[in-house]
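This is start12.txt (compact mmCIF, C-alpha atoms).
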# COMPACT_ATOMS: atom_id res chain seq x y z
CA MET A 1 0.00 0.00 0.00
CA LYS A 2 2.96 2.32 0.64
CA LYS A 3 3.57 2.87 -3.06
CA THR A 4 -0.08 3.70 -3.69
CA VAL A 5 -0.02 6.34 -0.96
CA ALA A 6 3.25 7.65 -2.40
CA PHE A 7 1.64 7.89 -5.86
CA ALA A 8 -1.29 9.86 -4.42
CA LEU A 9 1.21 12.21 -2.79
CA LEU A 10 3.10 12.54 -6.07
CA LEU A 11 -0.14 13.59 -7.79
CA GLY A 12 -0.69 16.23 -5.11
CA CYS A 13 2.89 17.49 -5.51
CA CYS A 14 2.52 17.71 -9.32
CA VAL A 15 -0.71 19.71 -9.01
CA SER A 16 0.91 22.08 -6.51
CA LEU A 17 3.91 22.56 -8.82
CA VAL A 18 1.69 23.29 -11.84
CA VAL A 19 -0.65 25.63 -9.96
CA SER A 20 1.85 27.68 -7.95
CA GLY A 21 5.31 26.79 -9.26
CA ARG A 22 6.30 25.40 -5.87
CA LEU A 23 5.19 22.89 -3.25
CA THR A 24 3.01 24.30 -0.52
CA ALA A 25 1.53 22.31 2.33
CA ARG A 26 -2.04 23.45 1.59
CA LEU A 27 -1.91 22.62 -2.14
CA VAL A 28 -0.08 19.32 -1.70
CA LEU A 29 -2.51 18.10 0.96
CA GLY A 30 -5.66 19.44 -0.71
CA SER A 31 -4.73 18.09 -4.13
CA THR A 32 -3.64 14.73 -2.75
CA VAL A 33 -7.13 14.37 -1.28
CA ALA A 34 -8.90 15.69 -4.39
CA TRP A 35 -6.97 13.43 -6.77
CA SER A 36 -6.87 10.33 -4.58
CA PHE A 37 -9.79 9.03 -6.63
CA ILE A 38 -7.24 7.96 -9.28
CA PRO A 39 -5.20 5.59 -7.07
CA ALA A 40 -8.47 4.54 -5.37
CA LEU A 41 -10.00 3.52 -8.71
CA GLU A 42 -6.76 1.82 -9.70
CA VAL A 43 -6.67 -0.20 -6.48
CA THR A 44 -10.36 -1.14 -6.87
CA ALA A 45 -9.80 -2.30 -10.46
CA PHE A 46 -6.70 -4.21 -9.39
CA ALA A 47 -8.62 -5.91 -6.57
CA ILE A 48 -11.30 -7.04 -9.03
CA VAL A 49 -8.80 -8.41 -11.54
CA ARG A 50 -6.58 -10.03 -8.92
CA ARG A 51 -9.50 -12.25 -7.87
CA ARG A 52 -9.08 -14.05 -11.20
CA ALA A 53 -5.63 -15.27 -10.13
CA ARG A 54 -4.52 -17.26 -7.09
CA SER A 55 -1.82 -15.29 -5.34
CA ILE A 56 0.20 -16.58 -2.40
CA ARG A 57 1.12 -13.07 -1.31
CA THR A 58 -0.95 -10.58 0.64
CA PHE A 59 -3.02 -8.01 -1.25
CA ALA A 60 -0.79 -5.18 0.00
CA CYS A 61 2.35 -6.99 -1.16
CA ASP A 62 0.87 -7.64 -4.63
CA LEU A 63 -0.29 -4.05 -4.86
CA ASP A 64 3.22 -2.76 -4.21
CA LEU A 65 4.61 -5.07 -6.91
CA PHE A 66 1.87 -3.96 -9.29
CA SER A 67 2.86 -0.33 -8.64
CA ALA A 68 5.90 -0.74 -10.92
CA GLY A 69 3.47 -0.10 -13.81
CA ARG A 70 2.87 3.40 -12.51
CA ARG A 71 6.49 4.48 -12.89
CA PRO A 72 6.23 5.61 -16.56
CA TRP A 73 3.17 7.70 -15.66
CA ALA A 74 4.93 9.15 -12.64
CA ILE A 75 7.94 10.19 -14.74
CA PHE A 76 5.65 11.67 -17.42
CA LEU A 77 3.63 13.66 -14.86
CA VAL A 78 6.72 14.96 -13.08
CA ALA A 79 8.26 16.05 -16.41
CA LEU A 80 5.04 17.88 -17.36
CA ALA A 81 4.70 19.53 -13.95
CA ALA A 82 8.37 20.53 -13.93
CA ALA A 83 8.08 22.12 -17.38
CA ALA A 84 4.85 23.91 -16.42
CA SER A 85 6.37 25.26 -13.19
CA PHE A 86 8.93 27.31 -15.15
CA LEU A 87 6.33 29.00 -17.37
CA THR A 88 4.54 32.27 -16.66
CA PRO A 89 0.70 32.20 -16.39
CA LEU A 90 0.45 33.59 -19.92
CA GLN A 91 2.95 31.14 -21.36
CA ILE A 92 1.22 28.19 -19.75
CA ASN A 93 -2.17 29.27 -21.10
CA HIS A 94 -0.69 29.67 -24.56
CA TRP A 95 1.15 26.35 -24.24
CA SER A 96 -2.00 24.48 -23.19
CA GLU A 97 -4.02 25.94 -26.08
CA ALA A 98 -1.42 25.31 -28.78
CA THR A 99 -2.12 22.51 -31.25
CA VAL A 100 1.55 21.58 -31.27
CA THR A 101 1.39 20.78 -27.54
CA LEU A 102 -1.32 18.20 -28.17
CA ALA A 103 0.57 16.88 -31.19
CA VAL A 104 3.70 16.37 -29.10
CA LEU A 105 2.09 15.14 -25.90
CA THR A 106 -0.36 12.66 -27.45
CA PRO A 107 2.27 10.28 -28.90
CA ILE A 108 4.37 10.59 -25.73
CA ALA A 109 1.33 9.75 -23.58
CA ALA A 110 0.54 6.82 -25.90
CA GLY A 111 4.10 5.53 -25.48
CA VAL A 112 3.83 5.92 -21.71
CA ALA A 113 0.52 4.03 -21.70
CA LEU A 114 2.06 1.19 -23.75
CA ARG A 115 5.10 0.93 -21.49
CA SER A 116 2.94 1.01 -18.39
CA GLY A 117 0.61 -1.62 -19.90
CA TYR A 118 3.59 -3.84 -20.69
CA LEU A 119 4.80 -3.59 -17.07
CA ASP A 120 1.31 -4.56 -15.88
CA PHE A 121 1.35 -7.53 -18.26
CA CYS A 122 4.74 -8.59 -16.81
CA PHE A 123 3.30 -8.35 -13.29
CA TYR A 124 0.33 -10.60 -14.10
CA ARG A 125 2.55 -13.06 -15.99
CA ASP A 126 5.55 -13.20 -13.65
CA ALA A 127 4.23 -12.27 -10.21
CA LEU A 128 0.82 -13.92 -10.44
CA GLY A 129 1.95 -16.74 -12.74
CA ARG A 130 -0.75 -16.14 -15.34
CA PRO A 131 -0.30 -17.56 -18.86
CA PRO A 132 0.55 -14.78 -21.38
CA ALA A 133 -2.95 -14.68 -22.93
CA GLU A 134 -4.58 -14.45 -19.49
CA ALA A 135 -2.02 -11.87 -18.36
CA THR A 136 -2.86 -9.75 -21.41
CA ARG A 137 -6.57 -10.03 -20.62
CA ASP A 138 -5.96 -9.13 -16.96
CA ALA A 139 -3.94 -6.05 -17.89
CA LEU A 140 -6.56 -4.90 -20.40
CA LEU A 141 -9.46 -5.56 -18.02
CA GLN A 142 -7.79 -3.65 -15.19
CA ARG A 143 -7.21 -0.70 -17.50
CA ALA A 144 -10.73 -0.83 -18.90
CA ILE A 145 -12.31 -0.75 -15.42
CA CYS A 146 -9.99 1.92 -14.06
CA TRP A 147 -9.94 4.24 -17.07
CA THR A 148 -13.67 4.02 -17.75
CA ALA A 149 -14.45 4.90 -14.13
CA ALA A 150 -11.91 7.74 -14.18
CA LEU A 151 -13.31 9.16 -17.42
CA VAL A 152 -16.87 8.95 -16.11
CA TYR A 153 -15.80 10.72 -12.92
CA PHE A 154 -13.78 13.37 -14.71
CA PHE A 155 -15.86 14.09 -17.80
CA GLY A 156 -18.90 11.86 -17.79
CA TYR A 157 -21.31 13.93 -15.78
CA ALA A 158 -20.61 17.05 -17.81
CA GLY A 159 -20.39 15.15 -21.06
CA TRP A 160 -23.62 13.22 -20.59
CA PRO A 161 -25.89 16.04 -21.86
CA ASP A 162 -23.81 16.11 -25.06
CA VAL A 163 -24.30 12.36 -25.53
CA VAL A 164 -28.06 12.66 -24.96
CA ASP A 165 -28.16 15.55 -27.40
CA ARG A 166 -26.33 13.59 -30.09
CA ILE A 167 -28.56 10.54 -29.90
CA GLY A 168 -31.63 12.75 -29.88
CA LEU A 169 -33.22 11.69 -26.60
CA MET B 1 25.52 8.21 4.02
CA ILE B 2 21.89 8.70 3.13
CA GLY B 3 20.21 6.64 0.42
CA PRO B 4 18.70 8.13 -2.74
CA ARG B 5 15.14 7.65 -1.48
CA ALA B 6 15.90 9.55 1.73
CA ALA B 7 17.63 12.27 -0.29
CA ALA B 8 14.56 12.66 -2.55
CA SER B 9 12.27 12.80 0.49
CA ALA B 10 14.51 15.40 2.14
CA LEU B 11 14.43 17.56 -1.01
CA LEU B 12 10.63 17.35 -1.11
CA LEU B 13 10.46 18.33 2.53
CA ILE B 14 12.73 21.33 1.91
CA SER B 15 10.55 22.25 -1.06
CA ILE B 16 7.35 22.12 0.99
CA VAL B 17 8.87 24.20 3.81
CA ALA B 18 10.27 26.83 1.40
CA GLY B 19 7.08 26.82 -0.71
CA THR B 20 4.78 27.15 2.28
CA GLU B 21 6.89 29.93 3.75
CA SER B 22 6.73 31.86 0.45
CA ASP B 23 2.99 31.24 0.06
CA ARG B 24 1.89 34.72 1.05
CA THR B 25 -1.66 35.98 0.69
CA ARG B 26 -2.01 39.15 -1.35
CA VAL B 27 -3.66 41.59 1.02
CA ASP B 28 -5.33 44.58 -0.63
CA PRO B 29 -7.11 46.89 1.81
CA PRO B 30 -10.80 47.44 0.90
CA LEU B 31 -11.10 50.03 -1.85
CA MET B 32 -14.06 52.45 -1.85
CA LEU B 33 -14.80 54.47 -4.99
CA GLY B 34 -17.88 56.59 -5.70
CA GLY B 35 -19.53 55.26 -2.56
CA TYR B 36 -19.15 51.64 -3.69
CA ARG B 37 -16.92 48.89 -2.40
CA VAL B 38 -14.73 47.73 -5.29
CA ILE B 39 -14.75 43.94 -5.40
CA ALA B 40 -12.03 42.04 -7.29
CA ALA B 41 -13.86 39.04 -8.76
CA ASP B 42 -13.41 36.14 -11.13
CA PHE B 43 -16.72 34.68 -12.38
CA HIS B 44 -15.39 31.72 -14.36
CA VAL B 45 -13.58 29.16 -12.21
CA HIS B 46 -13.70 25.37 -12.63
CA PRO B 47 -13.39 22.96 -9.68
CA ALA B 48 -11.74 19.52 -9.85
CA ILE B 49 -14.52 17.51 -8.26
CA ALA B 50 -16.27 15.74 -11.15
CA GLY B 51 -14.90 18.27 -13.61
CA GLY B 52 -11.95 18.83 -15.89
CA ALA B 53 -9.83 20.98 -13.59
CA ALA B 54 -6.93 20.69 -11.14
CA LEU B 55 -8.06 22.17 -7.83
CA ALA B 56 -10.85 21.12 -5.49
CA PRO B 57 -13.33 23.78 -4.32
CA TRP B 58 -11.60 24.11 -0.94
CA ASP B 59 -8.22 24.71 -2.61
CA LEU B 60 -9.81 27.26 -4.94
CA VAL B 61 -11.09 29.21 -1.94
CA LEU B 62 -7.56 29.40 -0.47
CA GLU B 63 -6.00 30.15 -3.87
CA ALA B 64 -8.51 32.96 -4.50
CA GLN B 65 -7.63 34.40 -1.12
CA ARG B 66 -3.93 34.21 -2.00
CA GLN B 67 -4.55 36.01 -5.30
CA GLY B 68 -6.37 38.87 -3.56
CA LEU B 69 -9.82 38.08 -4.94
CA ASP B 70 -12.78 39.29 -2.88
CA ALA B 71 -15.22 37.05 -4.73
CA PHE B 72 -15.36 34.30 -7.32
CA ALA B 73 -17.92 32.02 -8.92
CA LEU B 74 -17.48 28.27 -9.09
CA THR B 75 -18.72 27.28 -12.54
CA PRO B 76 -18.55 23.53 -13.22
CA HIS B 77 -19.53 22.40 -16.72
CA ASN B 78 -23.28 21.67 -17.00
CA LYS B 79 -23.78 20.99 -13.30
CA ILE B 80 -23.68 22.88 -10.04
CA PHE B 81 -23.31 20.30 -7.24
CA PRO B 82 -19.48 20.63 -6.86
CA ALA B 83 -19.94 24.41 -6.59
CA HIS B 84 -21.86 24.12 -3.32
CA ALA B 85 -18.71 23.06 -1.45
CA GLY B 86 -17.12 26.47 -2.16
CA PRO B 87 -19.40 28.79 -0.17
CA TRP B 88 -19.51 26.32 2.71
CA PHE B 89 -15.72 26.05 2.99
CA SER B 90 -15.19 29.79 2.48
CA ARG B 91 -17.57 30.58 5.36
CA LEU B 92 -15.62 28.09 7.47
CA VAL B 93 -12.23 29.76 6.87
CA GLY B 94 -13.43 33.34 6.47
CA GLY B 95 -12.52 33.39 2.78
CA PRO B 96 -13.83 35.37 -0.18
CA THR B 97 -17.47 35.46 -1.26
CA VAL B 98 -18.14 32.35 -3.36
CA LEU B 99 -21.06 32.33 -5.76
CA VAL B 100 -22.61 29.12 -7.04
CA GLY B 101 -22.52 29.02 -10.81
CA GLU B 102 -22.35 26.87 -13.89
CA GLU B 103 -20.76 27.03 -17.31
CA VAL B 104 -23.67 26.05 -19.54
CA ARG B 105 -21.69 24.27 -22.21
CA ALA B 106 -23.88 23.72 -25.24
CA ALA B 107 -22.61 22.75 -28.67
CA ARG B 108 -23.28 26.22 -30.12
CA PHE B 109 -22.68 28.53 -27.17
CA HIS B 110 -21.07 28.71 -23.76
CA LEU B 111 -22.79 30.70 -21.06
CA ILE B 112 -21.77 31.52 -17.48
CA ALA B 113 -24.63 31.40 -15.01
CA VAL B 114 -23.84 33.07 -11.67
CA GLY B 115 -26.02 33.00 -8.58
CA ILE B 116 -28.24 30.06 -9.53
CA ALA B 117 -29.85 27.37 -7.41
CA ARG B 118 -30.29 24.49 -9.86
CA THR B 119 -28.60 23.22 -13.00
CA VAL B 120 -29.39 25.03 -16.25
CA SER B 121 -29.78 22.59 -19.11
CA PRO B 122 -27.56 23.06 -22.15
CA HIS B 123 -30.27 21.42 -24.32
CA GLN B 124 -32.06 24.61 -25.18
CA THR B 125 -31.49 27.82 -27.07
CA ALA B 126 -29.27 30.51 -25.58
CA ALA B 127 -32.35 32.69 -25.03
CA ALA B 128 -34.15 29.91 -23.13
CA ALA B 129 -31.05 29.19 -21.02
CA ILE B 130 -30.77 32.89 -20.14
CA ALA B 131 -34.48 32.95 -19.19
CA ASP B 132 -33.88 29.93 -16.93
CA ILE B 133 -30.92 31.70 -15.27
CA HIS B 134 -32.99 34.84 -14.70
CA SER B 135 -35.89 32.84 -13.27
CA GLN B 136 -33.48 31.60 -10.59
CA GLY B 137 -32.29 35.11 -9.77
CA GLY B 138 -28.98 34.59 -11.55
CA VAL B 139 -26.91 36.59 -13.99
CA ALA B 140 -26.11 35.36 -17.54
CA ILE B 141 -22.71 36.08 -19.06
CA ALA B 142 -21.50 35.07 -22.54
CA ALA B 143 -18.38 32.95 -21.98
CA HIS B 144 -15.37 33.60 -24.26
CA PRO B 145 -17.67 34.70 -27.11
CA ILE B 146 -15.49 33.97 -30.14
CA ALA B 147 -17.12 34.38 -33.56
CA GLU B 148 -17.98 30.67 -33.72
CA TYR B 149 -20.57 31.16 -30.95
CA TRP B 150 -22.13 34.35 -32.26
CA PRO B 151 -24.94 32.75 -34.35
CA ALA B 152 -26.43 31.19 -31.18
CA PHE B 153 -26.88 34.64 -29.68
CA ASP B 154 -29.89 35.74 -31.72
CA SER B 155 -31.80 38.97 -31.03
CA ALA B 156 -33.81 37.38 -28.19
CA ALA B 157 -30.66 36.09 -26.49
CA MET B 158 -28.81 39.38 -26.98
CA ALA B 159 -31.70 41.36 -25.53
CA ALA B 160 -31.70 39.24 -22.37
CA LEU B 161 -27.95 38.72 -21.89
CA ASP B 162 -26.53 40.50 -18.85
CA GLY B 163 -22.83 40.52 -19.61
CA SER B 164 -20.00 39.33 -21.78
CA GLU B 165 -16.43 38.23 -21.16
CA VAL B 166 -14.53 41.03 -22.81
CA MET B 167 -11.34 39.84 -21.15
CA HIS B 168 -10.24 36.19 -20.97
CA PRO B 169 -6.80 34.50 -21.22
CA ALA B 170 -7.58 33.65 -24.87
CA ALA B 171 -7.47 37.39 -25.58
CA TYR B 172 -3.68 37.14 -25.47
CA PHE B 173 -3.56 34.86 -28.49
CA LYS B 174 -5.62 33.53 -31.39
CA ASN B 175 -6.81 37.08 -32.18
CA ALA B 176 -9.65 36.46 -29.75
CA ALA B 177 -9.40 39.94 -28.19
CA ALA B 178 -10.91 41.54 -31.29
CA GLU B 179 -13.78 39.04 -31.31
CA PHE B 180 -14.51 39.51 -27.60
CA GLU B 181 -14.55 43.26 -28.08
CA ALA B 182 -16.77 43.06 -31.18
CA PHE B 183 -19.30 40.92 -29.30
CA TYR B 184 -19.21 43.19 -26.26
CA SER B 185 -19.84 46.21 -28.52
CA ARG B 186 -23.09 44.75 -29.90
CA ARG B 187 -25.14 46.42 -27.20
CA PRO B 188 -24.58 47.90 -23.73
CA MET B 189 -23.90 45.09 -21.28
CA THR B 190 -21.81 44.29 -18.23
CA ALA B 191 -18.09 44.05 -18.93
CA ILE B 192 -16.59 40.88 -17.47
CA GLY B 193 -13.00 39.73 -17.16
CA SER B 194 -12.56 36.08 -16.22
CA SER B 195 -9.68 33.63 -16.05
CA ASP B 196 -11.65 30.47 -17.05
CA TYR B 197 -9.40 28.85 -14.49
CA HIS B 198 -8.79 25.11 -14.78
CA GLY B 199 -5.55 25.04 -12.77
CA LEU B 200 -3.20 26.34 -15.45
CA GLY B 201 -2.16 29.98 -15.47
CA ARG B 202 -3.28 32.03 -12.50
CA LEU B 203 -6.64 32.31 -10.80
CA GLY B 204 -7.86 35.86 -11.30
CA MET B 205 -5.28 36.67 -14.00
CA CYS B 206 -8.22 38.29 -15.82
CA ARG B 207 -10.62 39.80 -13.31
CA THR B 208 -13.69 41.98 -12.98
CA TYR B 209 -13.81 44.95 -10.64
CA VAL B 210 -17.38 45.10 -9.38
CA PHE B 211 -18.69 48.30 -7.78
CA ALA B 212 -21.03 46.86 -5.18
CA ALA B 213 -22.75 48.08 -2.03
CA ASP B 214 -20.82 45.44 -0.09
CA ALA B 215 -19.05 42.13 -0.61
CA SER B 216 -22.14 39.93 -0.21
CA ALA B 217 -23.39 37.71 -3.03
CA PRO B 218 -26.71 39.61 -3.48
CA ALA B 219 -24.87 42.95 -3.64
CA ILE B 220 -22.44 41.59 -6.25
CA LEU B 221 -25.29 40.19 -8.37
CA ASP B 222 -27.14 43.52 -8.12
CA ALA B 223 -24.02 45.35 -9.30
CA LEU B 224 -23.61 42.97 -12.24
CA ARG B 225 -27.23 43.53 -13.30
CA ALA B 226 -26.67 47.30 -13.04
CA ARG B 227 -23.46 47.00 -15.17
CA ARG B 228 -21.31 48.50 -12.44
CA THR B 229 -18.01 46.92 -13.46
CA VAL B 230 -14.59 47.88 -14.77
CA VAL B 231 -12.30 45.47 -16.65
CA TYR B 232 -8.76 46.10 -17.90
CA GLY B 233 -7.93 44.61 -21.30
CA VAL B 234 -4.78 43.29 -22.97
CA ASP B 235 -3.35 46.70 -23.82
CA GLY B 236 -4.52 48.30 -20.60
CA ARG B 237 -7.72 49.63 -22.14
CA ALA B 238 -10.56 49.89 -19.63
CA TYR B 239 -14.04 48.51 -20.37
CA GLY B 240 -17.23 48.97 -18.41
CA ASP B 241 -19.45 51.72 -17.08
CA PRO B 242 -17.92 54.95 -18.50
CA ALA B 243 -18.57 56.91 -15.30
CA LEU B 244 -16.89 54.25 -13.16
CA VAL B 245 -14.00 53.91 -15.62
CA GLY B 246 -13.49 57.68 -15.35
CA LEU B 247 -13.68 57.52 -11.56
CA ALA B 248 -11.14 54.69 -11.42
CA GLU B 249 -8.77 56.45 -13.82
CA ALA B 250 -8.93 59.68 -11.83
CA ASP B 251 -8.19 57.78 -8.62
CA GLY B 252 -5.43 55.56 -10.05
CA ARG B 253 -5.45 52.89 -7.33
CA LEU B 254 -7.55 50.39 -9.27
CA ARG B 255 -5.25 50.35 -12.29
CA GLU B 256 -2.32 49.89 -9.94
CA ARG B 257 -4.05 46.89 -8.37
CA ALA B 258 -4.86 45.45 -11.77
CA ALA B 259 -1.19 45.42 -12.76
CA ASP B 260 0.44 42.01 -12.85
CA HIS B 261 1.86 41.03 -9.47
CA ALA B 262 4.85 38.79 -10.15
CA ASP B 263 5.04 35.89 -7.76
CA SER B 264 8.71 35.09 -7.39
CA GLY B 265 11.56 35.26 -4.92
CA ALA B 266 14.40 33.15 -3.61
CA LEU B 267 12.13 30.83 -1.59
CA VAL B 268 9.89 30.18 -4.61
CA TRP B 269 12.92 29.20 -6.68
CA ILE B 270 14.35 27.02 -3.90
CA SER B 271 10.99 25.28 -3.58
CA ARG B 272 10.64 24.84 -7.35
CA LEU B 273 14.13 23.47 -7.95
CA THR B 274 14.14 21.13 -4.97
CA ALA B 275 10.64 19.94 -5.92
CA VAL B 276 11.68 19.12 -9.48
CA VAL B 277 14.83 17.23 -8.43
CA GLY B 278 13.05 15.53 -5.52
CA LEU B 279 10.06 14.47 -7.61
CA ILE B 280 12.27 13.13 -10.40
CA GLY B 281 14.11 11.07 -7.78
CA PHE B 282 10.81 9.99 -6.25
CA ALA B 283 9.46 8.88 -9.65
CA LEU B 284 12.60 7.05 -10.68
CA LEU B 285 13.20 5.17 -7.42

What would the structure in this file look like if it were written as structure tokens?
Amino acid sequence: MKKTVAFALLLGCCVSLVVSGRLTARLVLGSTVAWSFIPALEVTAFAIVRRRARSIRTFACDLDLFSAGRRPWAIFLVALAAAASFLTPLQINHWSEATVTLAVLTPIAAGVALRSGYLDFCFYRDALGRPPAEATRDALLQRAICWTAALVYFFGYAGWPDVVDRIGL
Amino acid sequence: MIGPRAAASALLLISIVAGTESDRTRVDPPLMLGGYRVIAADFHVHPAIAGGAALAPWDLVLEAQRQGLDAFALTPHNKIFPAHAGPWFSRLVGGPTVLVGEEVRAARFHLIAVGIARTVSPHQTAAAAIADIHSQGGVAIAAHPIAEYWPAFDSAAMAALDGSEVMHPAAYFKNAAAEFEAFYSRRPMTAIGSSDYHGLGRLGMCRTYVFAADASAPAILDALRARRTVVYGVDGRAYGDPALVGLAEADGRLRERAADHADSGALVWISRLTAVVGLIGFALL
């Protein structure tokens, strides 16, 4: 569990760095709480998928091993937050609106997602002893549960009226 | 000899101490002009809870306080429930006035509703959405009205609209400033400057100076309906009630307050650099 708590703290630190260009106690704590839904969803999805395998280790021990898959995301987030912290408010607004930013970040994020997915696959195959096909399914299922829930939380409520509008209900 | 993990943790601790120490609240004494209290406000702020932004309502209250805002509106996309946490927390800590709002995000227009009690549906015309906002006692503001959104604001919508964002971070690029100004010039309405804050940039970097009887939510809404605002644009041009603009220019203090307040210093840099190195270590280990 230690690594999951550390990841939640890292999210809080990244938000503080982006927002104020420094780490402050109030922003780190507040943002760690506000963004803890991400590790919480990840742990929930992992708990669901782990039931498919028979592990001899404790849940907490498996969770810490599984956390290796978060490292690419952690590096990516820290790099983004570090870059953002050196920009002025105007520069960061311009940067976030620029098409080139999306064009550069999208392939990098895709690469990070692939690397992270591969590490998850390795965990299911090597740590939980799942056959490669099952390990692939486990990794995909965990992502599907976690990412769908995160997207619904983050955008779903606001996006739902658009969906209803499009299908003409 | 300390290990790399301990070194990264120590750097993060130094960063938090230096960052917290440098985290000073901007304190502007209350400004009275023409018998009104001048309220520094930002009416377009997005919270993180169930929305696409970085900071939770409670952090936004503290951040608004730090940026010297007297009032702000929490405006989640197409919903209002996360906005209710703002006024509650602000009352708890003695923070700025927080108004419950919504960014009505329809396909053809974006509208800021301030001072509402229930969600305004985006599945209606702009005129109908404005009528809904008014029926709840709220104020309707055209959000970042670039030319793409203009067709949705037909004569009925324009006649009912209370205000328009004449200043927004997008005014600094994409030639949006000219479009905001052209929309604002269509008819007399309340000049609004908003940061459309999602966590990037600075909360209140574009702000509205509201000339209100006091800092309460009803007084601020009354002032918005009466068009008692002043907004400073990209090139320093002032928009808003001509009499109040003249009053503010003659006094000089408001323009001084509106000037960019750089947020830097040795402690900020120490916090930033130690955070970056510490977090990289933290992520790699």

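Nearest to Asp196 (chain B) of all the residues A:Ser67, A:Pro132, A:Ala79, A:Asn93 is A:Asn93, counting only C-alpha atoms.
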
Write out as a PyMOL selection string every residue belonging to chain A that has an atom at most 8 Å from any atom of chain B, counting all atoms listed in the file.
chain A and resi 10+15+17-19+21-27+30-31+34+71+74-75+78-79+82+85+88-94+153-155+157-158+161-162+165

Dump as a compact mmCIF listing (two decimals), in the frame of the given file, selection limited to C-alpha atoms:
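Below is the file again-v2.txt, written as the result:
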# COMPACT_ATOMS: atom_id res chain seq x y z
CA LEU A 10 3.10 12.54 -6.07
CA VAL A 15 -0.71 19.71 -9.01
CA LEU A 17 3.91 22.56 -8.82
CA VAL A 18 1.69 23.29 -11.84
CA VAL A 19 -0.65 25.63 -9.96
CA GLY A 21 5.31 26.79 -9.26
CA ARG A 22 6.30 25.40 -5.87
CA LEU A 23 5.19 22.89 -3.25
CA THR A 24 3.01 24.30 -0.52
CA ALA A 25 1.53 22.31 2.33
CA ARG A 26 -2.04 23.45 1.59
CA LEU A 27 -1.91 22.62 -2.14
CA GLY A 30 -5.66 19.44 -0.71
CA SER A 31 -4.73 18.09 -4.13
CA ALA A 34 -8.90 15.69 -4.39
CA ARG A 71 6.49 4.48 -12.89
CA ALA A 74 4.93 9.15 -12.64
CA ILE A 75 7.94 10.19 -14.74
CA VAL A 78 6.72 14.96 -13.08
CA ALA A 79 8.26 16.05 -16.41
CA ALA A 82 8.37 20.53 -13.93
CA SER A 85 6.37 25.26 -13.19
CA THR A 88 4.54 32.27 -16.66
CA PRO A 89 0.70 32.20 -16.39
CA LEU A 90 0.45 33.59 -19.92
CA GLN A 91 2.95 31.14 -21.36
CA ILE A 92 1.22 28.19 -19.75
CA ASN A 93 -2.17 29.27 -21.10
CA HIS A 94 -0.69 29.67 -24.56
CA TYR A 153 -15.80 10.72 -12.92
CA PHE A 154 -13.78 13.37 -14.71
CA PHE A 155 -15.86 14.09 -17.80
CA TYR A 157 -21.31 13.93 -15.78
CA ALA A 158 -20.61 17.05 -17.81
CA PRO A 161 -25.89 16.04 -21.86
CA ASP A 162 -23.81 16.11 -25.06
CA ASP A 165 -28.16 15.55 -27.40

Using all atoms listed in the file, pick whichever of B:Tyr149, B:Trp88, B:Tyr239, B:Tyr184 has the shortest atom-to-atom distance to Val61 (chain B).
B:Trp88

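With all atoms listed in the file as the atoms that count, the residue of A:Val152, A:Ala139, A:Ala45, A:Ala81 with the shortest distance to Cys13 (chain A) is A:Ala81.
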
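The nearest approach to Gly129 (chain A) among the residues A:Ala98, A:Cys146, A:Ala53, A:Ala40, with all atoms listed in the file taken into account, belongs to A:Ala53.
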
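Of the listed residues (A:Thr99, A:Thr148, A:Ser116, A:Gln142), A:Gln142 comes nearest to Ala47 (chain A); the distances count only C-alpha atoms.
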
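Residue neighbourhood of Ile192 (chain B), excluding near-sequence residues (fewer than 6 positions): B:Ala41, B:Asp42, B:Phe43, B:His44, B:Ile141, B:Ala142, B:Ala143, B:Gly163, B:Ser164, B:Glu165, B:Val166, B:Met167, B:His168, B:Tyr184, B:Cys206, B:Arg207, B:Thr208, B:Tyr209, B:Val210, B:Leu224, B:Arg227, B:Thr229, B:Val230, B:Val231, B:Tyr232, B:Tyr239, B:Gly240, at 10 Å, using only C-alpha atoms.
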
Please produce a file of those selected residues containing C-alpha atoms, as a compact mmCIF listing (two decimals), in the coordinates of the input.
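part.txt was written with the following content:
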# COMPACT_ATOMS: atom_id res chain seq x y z
CA ALA B 41 -13.86 39.04 -8.76
CA ASP B 42 -13.41 36.14 -11.13
CA PHE B 43 -16.72 34.68 -12.38
CA HIS B 44 -15.39 31.72 -14.36
CA ILE B 141 -22.71 36.08 -19.06
CA ALA B 142 -21.50 35.07 -22.54
CA ALA B 143 -18.38 32.95 -21.98
CA GLY B 163 -22.83 40.52 -19.61
CA SER B 164 -20.00 39.33 -21.78
CA GLU B 165 -16.43 38.23 -21.16
CA VAL B 166 -14.53 41.03 -22.81
CA MET B 167 -11.34 39.84 -21.15
CA HIS B 168 -10.24 36.19 -20.97
CA TYR B 184 -19.21 43.19 -26.26
CA CYS B 206 -8.22 38.29 -15.82
CA ARG B 207 -10.62 39.80 -13.31
CA THR B 208 -13.69 41.98 -12.98
CA TYR B 209 -13.81 44.95 -10.64
CA VAL B 210 -17.38 45.10 -9.38
CA LEU B 224 -23.61 42.97 -12.24
CA ARG B 227 -23.46 47.00 -15.17
CA THR B 229 -18.01 46.92 -13.46
CA VAL B 230 -14.59 47.88 -14.77
CA VAL B 231 -12.30 45.47 -16.65
CA TYR B 232 -8.76 46.10 -17.90
CA TYR B 239 -14.04 48.51 -20.37
CA GLY B 240 -17.23 48.97 -18.41

Residues within 12 Å of (-22.7, 36.3, -1.8), file coords, only C-alpha atoms, listed as an MDAnalysis selection string:
chainID B and resid 39 41 70:73 86:88 90:91 95:101 114:116 138 212:223

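The residue set within 6 Å of Thr32 (chain A), counting only C-alpha atoms and dropping same-chain residues fewer than 5 places from it, reads A:Ala8, A:Leu9, A:Gly12.
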